[in-house]
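Dumped final06.cif below, it's mmCIF, C-alpha atoms:
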```cif
data_my_file
loop_
_atom_site.group_PDB
_atom_site.id
_atom_site.type_symbol
_atom_site.label_atom_id
_atom_site.label_comp_id
_atom_site.auth_asym_id
_atom_site.auth_seq_id
_atom_site.Cartn_x
_atom_site.Cartn_y
_atom_site.Cartn_z
ATOM 1 C CA VAL A 1 23.601 -83.587 -27.527
ATOM 2 C CA TYR A 2 26.030 -81.240 -29.291
ATOM 3 C CA ALA A 3 23.645 -78.294 -28.795
ATOM 4 C CA ALA A 4 23.187 -79.190 -25.102
ATOM 5 C CA ALA A 5 27.004 -79.173 -24.795
ATOM 6 C CA GLY A 6 27.101 -75.639 -26.190
ATOM 7 C CA LEU A 7 28.718 -76.749 -29.451
ATOM 8 C CA ILE A 8 28.108 -74.979 -32.738
ATOM 9 C CA PRO A 9 29.345 -76.134 -36.155
ATOM 10 C CA ALA A 10 32.390 -74.218 -37.408
ATOM 11 C CA ASP A 11 35.191 -74.765 -39.923
ATOM 12 C CA GLY A 12 34.572 -78.502 -40.376
ATOM 13 C CA GLY A 13 34.404 -79.139 -36.620
ATOM 14 C CA TRP A 14 32.635 -77.764 -33.563
ATOM 15 C CA LYS A 15 33.310 -74.790 -31.270
ATOM 16 C CA ARG A 16 31.983 -73.710 -27.882
ATOM 17 C CA GLU A 17 30.983 -70.101 -27.282
ATOM 18 C CA GLY A 18 33.945 -68.058 -26.064
ATOM 19 C CA CYS A 19 36.456 -70.743 -27.027
ATOM 20 C CA ALA A 20 38.696 -70.655 -30.095
ATOM 21 C CA THR A 21 39.479 -74.401 -29.987
ATOM 22 C CA LEU A 22 38.050 -76.425 -32.851
ATOM 23 C CA PHE A 23 36.716 -79.736 -31.492
ATOM 24 C CA LYS A 24 36.176 -83.051 -33.247
ATOM 25 C CA PRO A 25 33.911 -84.632 -30.606
ATOM 26 C CA GLY A 26 33.694 -88.338 -29.993
ATOM 27 C CA THR A 27 30.544 -89.981 -28.656
ATOM 28 C CA GLU A 28 29.662 -93.229 -26.941
ATOM 29 C CA ARG A 29 26.445 -94.641 -25.520
ATOM 30 C CA LEU A 30 26.248 -95.919 -21.933
ATOM 31 C CA ASP A 31 23.130 -96.837 -19.896
ATOM 32 C CA VAL A 32 24.070 -95.503 -16.454
ATOM 33 C CA ASP A 33 20.679 -95.916 -14.760
ATOM 34 C CA GLY A 34 19.649 -99.328 -16.120
ATOM 35 C CA ASP A 35 16.458 -98.057 -17.734
ATOM 36 C CA GLY A 36 17.309 -99.542 -21.145
ATOM 37 C CA ARG A 37 17.834 -96.089 -22.704
ATOM 38 C CA ALA A 38 21.418 -95.105 -23.304
ATOM 39 C CA GLU A 39 22.883 -91.851 -22.123
ATOM 40 C CA VAL A 40 25.477 -90.181 -24.351
ATOM 41 C CA VAL A 41 29.107 -89.682 -23.391
ATOM 42 C CA LEU A 42 30.790 -86.793 -25.228
ATOM 43 C CA TYR A 43 34.584 -86.514 -25.463
ATOM 44 C CA LEU A 44 36.138 -83.094 -26.144
ATOM 45 C CA GLY A 45 39.631 -81.760 -26.146
ATOM 46 C CA PRO A 46 42.266 -81.280 -25.210
ATOM 47 C CA SER A 47 41.653 -77.559 -25.000
ATOM 48 C CA PRO A 48 42.750 -74.526 -22.981
ATOM 49 C CA CYS A 49 39.009 -73.709 -22.797
ATOM 50 C CA PHE A 50 38.678 -76.062 -19.818
ATOM 51 C CA THR A 51 40.401 -75.297 -16.519
ATOM 52 C CA GLU A 52 41.652 -78.873 -16.275
ATOM 53 C CA THR A 53 42.525 -81.102 -19.178
ATOM 54 C CA ALA A 54 44.439 -84.369 -19.284
ATOM 55 C CA GLY A 55 44.038 -85.477 -22.853
ATOM 56 C CA GLY A 56 40.511 -84.123 -23.043
ATOM 57 C CA ASN A 57 37.314 -83.577 -21.090
ATOM 58 C CA ILE A 58 34.226 -85.743 -20.764
ATOM 59 C CA GLY A 59 30.531 -84.866 -20.575
ATOM 60 C CA LEU A 60 27.604 -87.191 -19.880
ATOM 61 C CA PHE A 61 24.173 -86.332 -21.220
ATOM 62 C CA GLN A 62 20.850 -87.820 -20.149
ATOM 63 C CA ARG A 63 17.350 -87.140 -21.446
ATOM 64 C CA GLY A 64 15.424 -84.948 -19.019
ATOM 65 C CA ALA A 65 11.712 -85.286 -18.257
ATOM 66 C CA ASP A 66 10.998 -82.804 -21.070
ATOM 67 C CA GLY A 67 13.008 -84.877 -23.592
ATOM 68 C CA ARG A 68 15.927 -82.446 -23.764
ATOM 69 C CA TRP A 69 19.511 -83.552 -23.202
ATOM 70 C CA VAL A 70 20.901 -82.516 -19.793
ATOM 71 C CA GLU A 71 24.605 -82.558 -18.855
ATOM 72 C CA ARG A 72 25.188 -84.708 -15.736
ATOM 73 C CA LEU A 73 28.963 -84.929 -15.211
ATOM 74 C CA GLY A 74 30.481 -81.420 -15.388
ATOM 75 C CA TRP A 75 33.313 -81.901 -17.928
ATOM 76 C CA PRO A 76 36.053 -83.475 -15.803
ATOM 77 C CA PRO A 77 39.399 -84.208 -17.469
ATOM 78 C CA GLY A 78 40.036 -87.701 -18.756
ATOM 79 C CA VAL A 79 40.468 -89.998 -21.691
ATOM 80 C CA GLU A 80 37.953 -92.797 -20.979
ATOM 81 C CA LEU A 81 34.684 -93.173 -19.057
ATOM 82 C CA MET A 82 33.559 -96.556 -17.749
ATOM 83 C CA ALA A 83 31.159 -98.090 -15.260
ATOM 84 C CA THR A 84 33.082 -99.333 -12.205
ATOM 85 C CA GLY A 85 30.732 -102.233 -11.423
ATOM 86 C CA ALA A 86 29.283 -100.524 -8.326
ATOM 87 C CA ALA A 87 26.158 -98.348 -8.188
ATOM 88 C CA THR A 88 24.687 -95.538 -6.076
ATOM 89 C CA ALA A 89 20.897 -94.978 -5.959
ATOM 90 C CA GLY A 90 20.466 -97.207 -9.032
ATOM 91 C CA PHE A 91 23.012 -95.295 -11.130
ATOM 92 C CA ALA A 92 26.328 -96.862 -12.122
ATOM 93 C CA ASP A 93 29.366 -95.403 -10.398
ATOM 94 C CA LEU A 94 31.613 -94.051 -13.157
ATOM 95 C CA GLY A 95 35.373 -94.061 -13.435
ATOM 96 C CA ILE A 96 37.334 -91.647 -15.572
ATOM 97 C CA ALA A 97 40.800 -92.802 -16.546
ATOM 98 C CA ASN A 98 43.511 -90.188 -16.795
ATOM 99 C CA PRO A 99 47.072 -90.354 -18.080
ATOM 100 C CA GLY A 100 49.361 -91.328 -15.233
ATOM 101 C CA GLY A 101 47.328 -94.218 -13.827
ATOM 102 C CA CYS A 102 44.755 -92.454 -11.643
ATOM 103 C CA MET A 103 41.012 -93.018 -12.056
ATOM 104 C CA ALA A 104 38.585 -90.457 -10.658
ATOM 105 C CA VAL A 105 35.376 -92.144 -9.438
ATOM 106 C CA PHE A 106 32.069 -90.278 -9.686
ATOM 107 C CA ARG A 107 28.810 -91.207 -7.921
ATOM 108 C CA TRP A 108 25.213 -90.143 -8.533
ATOM 109 C CA ASN A 109 24.000 -87.503 -6.050
ATOM 110 C CA GLY A 110 20.362 -87.264 -7.169
ATOM 111 C CA GLN A 111 20.969 -84.498 -9.736
ATOM 112 C CA GLY A 112 24.138 -85.557 -11.489
ATOM 113 C CA TYR A 113 27.521 -87.127 -10.893
ATOM 114 C CA ALA A 114 29.946 -85.790 -8.277
ATOM 115 C CA HIS A 115 33.573 -86.724 -7.641
ATOM 116 C CA ALA A 116 33.753 -89.283 -4.821
ATOM 117 C CA LEU A 117 37.365 -90.513 -4.758
ATOM 118 C CA ASN A 118 40.481 -91.269 -6.769
ATOM 119 C CA ARG A 119 41.576 -94.874 -7.354
ATOM 120 C CA ALA A 120 45.074 -95.826 -8.503
ATOM 121 C CA ILE A 121 44.940 -98.092 -11.556
ATOM 122 C CA GLU A 122 48.744 -98.274 -11.783
ATOM 123 C CA PRO A 123 51.242 -98.367 -8.903
ATOM 124 C CA GLY A 124 51.615 -94.816 -7.548
ATOM 125 C CA GLY A 125 48.915 -93.577 -9.938
ATOM 126 C CA CYS A 126 47.207 -91.174 -7.531
ATOM 127 C CA GLN A 127 50.259 -90.282 -5.487
ATOM 128 C CA PHE A 128 49.959 -86.532 -6.091
ATOM 129 C CA ARG A 129 46.139 -86.226 -6.236
#
```

Could you show the structure in this file as structure tokens?
Amino acid sequence: VYAAAGLIPADGGWKREGCATLFKPGTERLDVDGDGRAEVVLYLGPSPCFTETAGGNIGLFQRGADGRWVERLGWPPGVELMATGAATAGFADLGIANPGGCMAVFRWNGQGYAHALNRAIEPGGCQFR
């Protein structure tokens, strides 16, 4: 998964090509398509290497037909990824919590996850989004 994310070992951590930030990635397993095989969530950041960052950025990796890990989320900013309880085309809708009480909701589009809407998880949480 680290290689699929473009990470290379460096100085006791991990770096991405063209980025000076040293990452200490966090991982989590989550079965988003209900097939009994977990996908891998990768947490990076915060870093100026991403155009948006709110405490970090999140990637989701799924095994492709050839067995290689494929990124399916696009590195949106956030601090936590969770299934929302709803699903689209058999894939769990995913929520990404951000500081400030706004959760971005992503839905499966047949190739990966795309931003669908923002949901306030605290009063006024998405007021400026």

Please provide the set of residues having any atom within 12 Å of Cys102 (chain A), restricted to only C-alpha atoms, with same-chain residues fewer than 3 positions apart removed, written as a compact mmCIF listing (two decimals) with C-alpha atoms, in the coordinates of the input.
```txt
# COMPACT_ATOMS: atom_id res chain seq x y z
CA ALA A 54 44.44 -84.37 -19.28
CA PRO A 77 39.40 -84.21 -17.47
CA GLY A 78 40.04 -87.70 -18.76
CA VAL A 79 40.47 -90.00 -21.69
CA GLU A 80 37.95 -92.80 -20.98
CA GLY A 95 35.37 -94.06 -13.44
CA ILE A 96 37.33 -91.65 -15.57
CA ALA A 97 40.80 -92.80 -16.55
CA ASN A 98 43.51 -90.19 -16.80
CA PRO A 99 47.07 -90.35 -18.08
CA VAL A 105 35.38 -92.14 -9.44
CA LEU A 117 37.36 -90.51 -4.76
CA ASN A 118 40.48 -91.27 -6.77
CA ARG A 119 41.58 -94.87 -7.35
CA ALA A 120 45.07 -95.83 -8.50
CA ILE A 121 44.94 -98.09 -11.56
CA GLU A 122 48.74 -98.27 -11.78
CA PRO A 123 51.24 -98.37 -8.90
CA GLY A 124 51.62 -94.82 -7.55
CA GLY A 125 48.92 -93.58 -9.94
CA CYS A 126 47.21 -91.17 -7.53
CA GLN A 127 50.26 -90.28 -5.49
CA PHE A 128 49.96 -86.53 -6.09
CA ARG A 129 46.14 -86.23 -6.24
```

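When the PyMOL selection byres ((chain A and resi 59) around 8) is evaluated against the file, it yields Ala5, Val41, Leu42, Tyr43, Asn57, Ile58, Leu60, Phe61, Glu71, Arg72, Leu73, Gly74, Trp75 and Pro76 of chain A.
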
Write out as a PyMOL selection string each polymer residue whose atoms come within 7 Å of region 31-38 of chain A, counting only C-alpha atoms; drop sequence neighbours fewer than 5 positions from it.
chain A and resi 90-92

Let me know the centre plus edge lengths, in Å and rounded to one decimal, of a box with edges along x, y and z that contains all listed atoms of region 69-84 of chain A and is padded by 8 Å on every side, as JSON.
```
{"center_x": 30.0, "center_y": -90.4, "center_z": -17.7, "size_x": 37.0, "size_y": 33.9, "size_z": 27.0}
```

Excluding region 8-24 of chain A and residues on its chain fewer than 5 positions from it, collect all residues at most 8 Å away from it, counting all atoms listed in the file, and give them as a list in words.
Tyr2, Ala3, Leu44, Gly45, Ser47, Pro48 and Cys49 of chain A

Check the smallest atom-to-atom distance from each of A:Thr51, A:Gly67, A:Leu94, A:Pro25 to Ala114 (chain A) using all atoms listed in the file, then report the winner.
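Looking at the shortest contact to Ala114 (chain A), the residue is A:Leu94.
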
Taking into account all atoms listed in the file, which residue in the set A:Ala4, A:Gly55, A:Val70, A:Gly110 is nearest to Ala89 (chain A)?
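So, comparing all the options, the nearest one is A:Gly110.
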